[in-house]
Amino acid sequence: MSDAGWTGLRALLVDRYDDFKHRLARRLGSVDLAAETLQETWLRLERPGDPGILKSPDAYLFRIALNVAADRRDADRRRLTLSEIEALRHQDDDELDPARIAESRAEIVALTKALDELPPRCRAIFIATRLDETPHKVLAQRYGISIRMVERDLKRALEHCSERLERISPRKFGSGSSEPS
């Protein structure tokens with residue numbers, strides 16, 4: 001498969017589109033979601049370089065599609081619902097009482113301490129992704145590491161901060177964009 005590279009994988013996706021769509025629809029529970037996932041999979045195959053030697057190109061493409069679906073699901077979880085947006089719009093500024101302000105300040109102090117406990121690169125990646133919205137690909141290039149390592153450092157930081165702030169899940173902080181653009 002290394003001879004054809006990404007072009008060969010795109011051709012395989014086109015040739016086996018109906019099969020992939022059917023398998024994904026069964027897995028995801030929606031034909032429309034399967035079609036959208038395959039479109040995004042096609043876009044992910046538009047990249048330079050060579051995917052290397054693939055023993056099972058079909059399985060590789062299906063795994064890419066499943067990862068796309070998982071990324072989409074995670075992104076959808078981070079979005080606010082219309083009712084949540086409306087509640088925030090109508091929230092009265094008078095609701096900020098001194099106790100809530102003090103609690104928020106204490107959380108900021110606890111978060112700062114938790115960040116200070118992280119290794120420097122892990123802390124820098126957390127701050128870059130959360131405050132500066134720096135794409136994972138840019139951070140990987142900046143630190144000379146893989147995108148996967150950026151994601152691992154970010155996960156480590158989220159879990160550490162979650163633990164220190166006594167949160168159940170790092171999702172409280174959001175998981176940011178996993179898009180490696």
# chains A, B, ... in the order shown; residues from 1 in each chain; ligands from 1
call {"tool": "residues_around", "arguments": {"residues": "region 64-69 of chain A", "least_positions_apart": "4", "cutoff": "8 Å", "atoms": "only C-alpha atoms", "output": "PyMOL selection string"}}
result
chain A and resi 24+37-38+40-41+60+73
call {"tool": "select_by_dssp", "arguments": {"residues": "region 113-159 of chain A", "states": "helix (DSSP H, G or I)", "output": "JSON, numbers by chain"}}
result
{"A": [113, 114, 115, 116, 120, 121, 122, 123, 124, 125, 126, 127, 128, 129, 130, 136, 137, 138, 139, 140, 141, 142, 143, 147, 148, 149, 150, 151, 152, 153, 154, 155, 156, 157, 158, 159]}
call {"tool": "atom_distance", "arguments": {"atom1": "CA of Leu139 (chain A)", "atom2": "CA of Asp116 (chain A)"}}
result
19.6 Å
call {"tool": "decode", "arguments": {"residues": "region 125-139 of chain A", "atoms": "N, CA and C atoms", "output": "mmCIF file, in the first residue's frame"}}
result
data_model
loop_
_atom_site.group_PDB
_atom_site.id
_atom_site.type_symbol
_atom_site.label_atom_id
_atom_site.label_comp_id
_atom_site.auth_asym_id
_atom_site.auth_seq_id
_atom_site.Cartn_x
_atom_site.Cartn_y
_atom_site.Cartn_z
ATOM 1 N N ILE A 125 1.816 23.572 27.269
ATOM 2 C CA ILE A 125 0.855 23.045 26.304
ATOM 3 C C ILE A 125 -0.568 23.303 26.784
ATOM 4 N N PHE A 126 -0.804 23.100 28.065
ATOM 5 C CA PHE A 126 -2.132 23.370 28.618
ATOM 6 C C PHE A 126 -2.523 24.831 28.403
ATOM 7 N N ILE A 127 -1.631 25.731 28.743
ATOM 8 C CA ILE A 127 -1.916 27.159 28.618
ATOM 9 C C ILE A 127 -2.084 27.551 27.150
ATOM 10 N N ALA A 128 -1.229 27.029 26.290
ATOM 11 C CA ALA A 128 -1.308 27.375 24.862
ATOM 12 C C ALA A 128 -2.624 26.904 24.245
ATOM 13 N N THR A 129 -3.072 25.705 24.613
ATOM 14 C CA THR A 129 -4.309 25.200 24.026
ATOM 15 C C THR A 129 -5.542 25.865 24.619
ATOM 16 N N ARG A 130 -5.508 26.141 25.915
ATOM 17 C CA ARG A 130 -6.692 26.692 26.572
ATOM 18 C C ARG A 130 -6.814 28.215 26.449
ATOM 19 N N LEU A 131 -5.737 28.931 26.611
ATOM 20 C CA LEU A 131 -5.811 30.384 26.586
ATOM 21 C C LEU A 131 -5.545 30.962 25.198
ATOM 22 N N ASP A 132 -4.548 30.422 24.521
ATOM 23 C CA ASP A 132 -4.167 30.966 23.219
ATOM 24 C C ASP A 132 -4.820 30.229 22.059
ATOM 25 N N GLU A 133 -5.507 29.118 22.356
ATOM 26 C CA GLU A 133 -6.163 28.292 21.352
ATOM 27 C C GLU A 133 -5.197 27.880 20.234
ATOM 28 N N THR A 134 -3.974 27.552 20.622
ATOM 29 C CA THR A 134 -2.961 27.117 19.671
ATOM 30 C C THR A 134 -3.277 25.695 19.217
ATOM 31 N N PRO A 135 -3.292 25.459 17.895
ATOM 32 C CA PRO A 135 -3.573 24.106 17.393
ATOM 33 C C PRO A 135 -2.500 23.110 17.837
ATOM 34 N N HIS A 136 -2.916 21.878 18.006
ATOM 35 C CA HIS A 136 -2.003 20.819 18.452
ATOM 36 C C HIS A 136 -0.827 20.651 17.493
ATOM 37 N N LYS A 137 -1.088 20.788 16.206
ATOM 38 C CA LYS A 137 -0.031 20.624 15.207
ATOM 39 C C LYS A 137 1.071 21.671 15.406
ATOM 40 N N VAL A 138 0.680 22.895 15.696
ATOM 41 C CA VAL A 138 1.651 23.973 15.922
ATOM 42 C C VAL A 138 2.483 23.678 17.168
ATOM 43 N N LEU A 139 1.827 23.195 18.217
ATOM 44 C CA LEU A 139 2.557 22.868 19.449
ATOM 45 C C LEU A 139 3.515 21.701 19.235
#
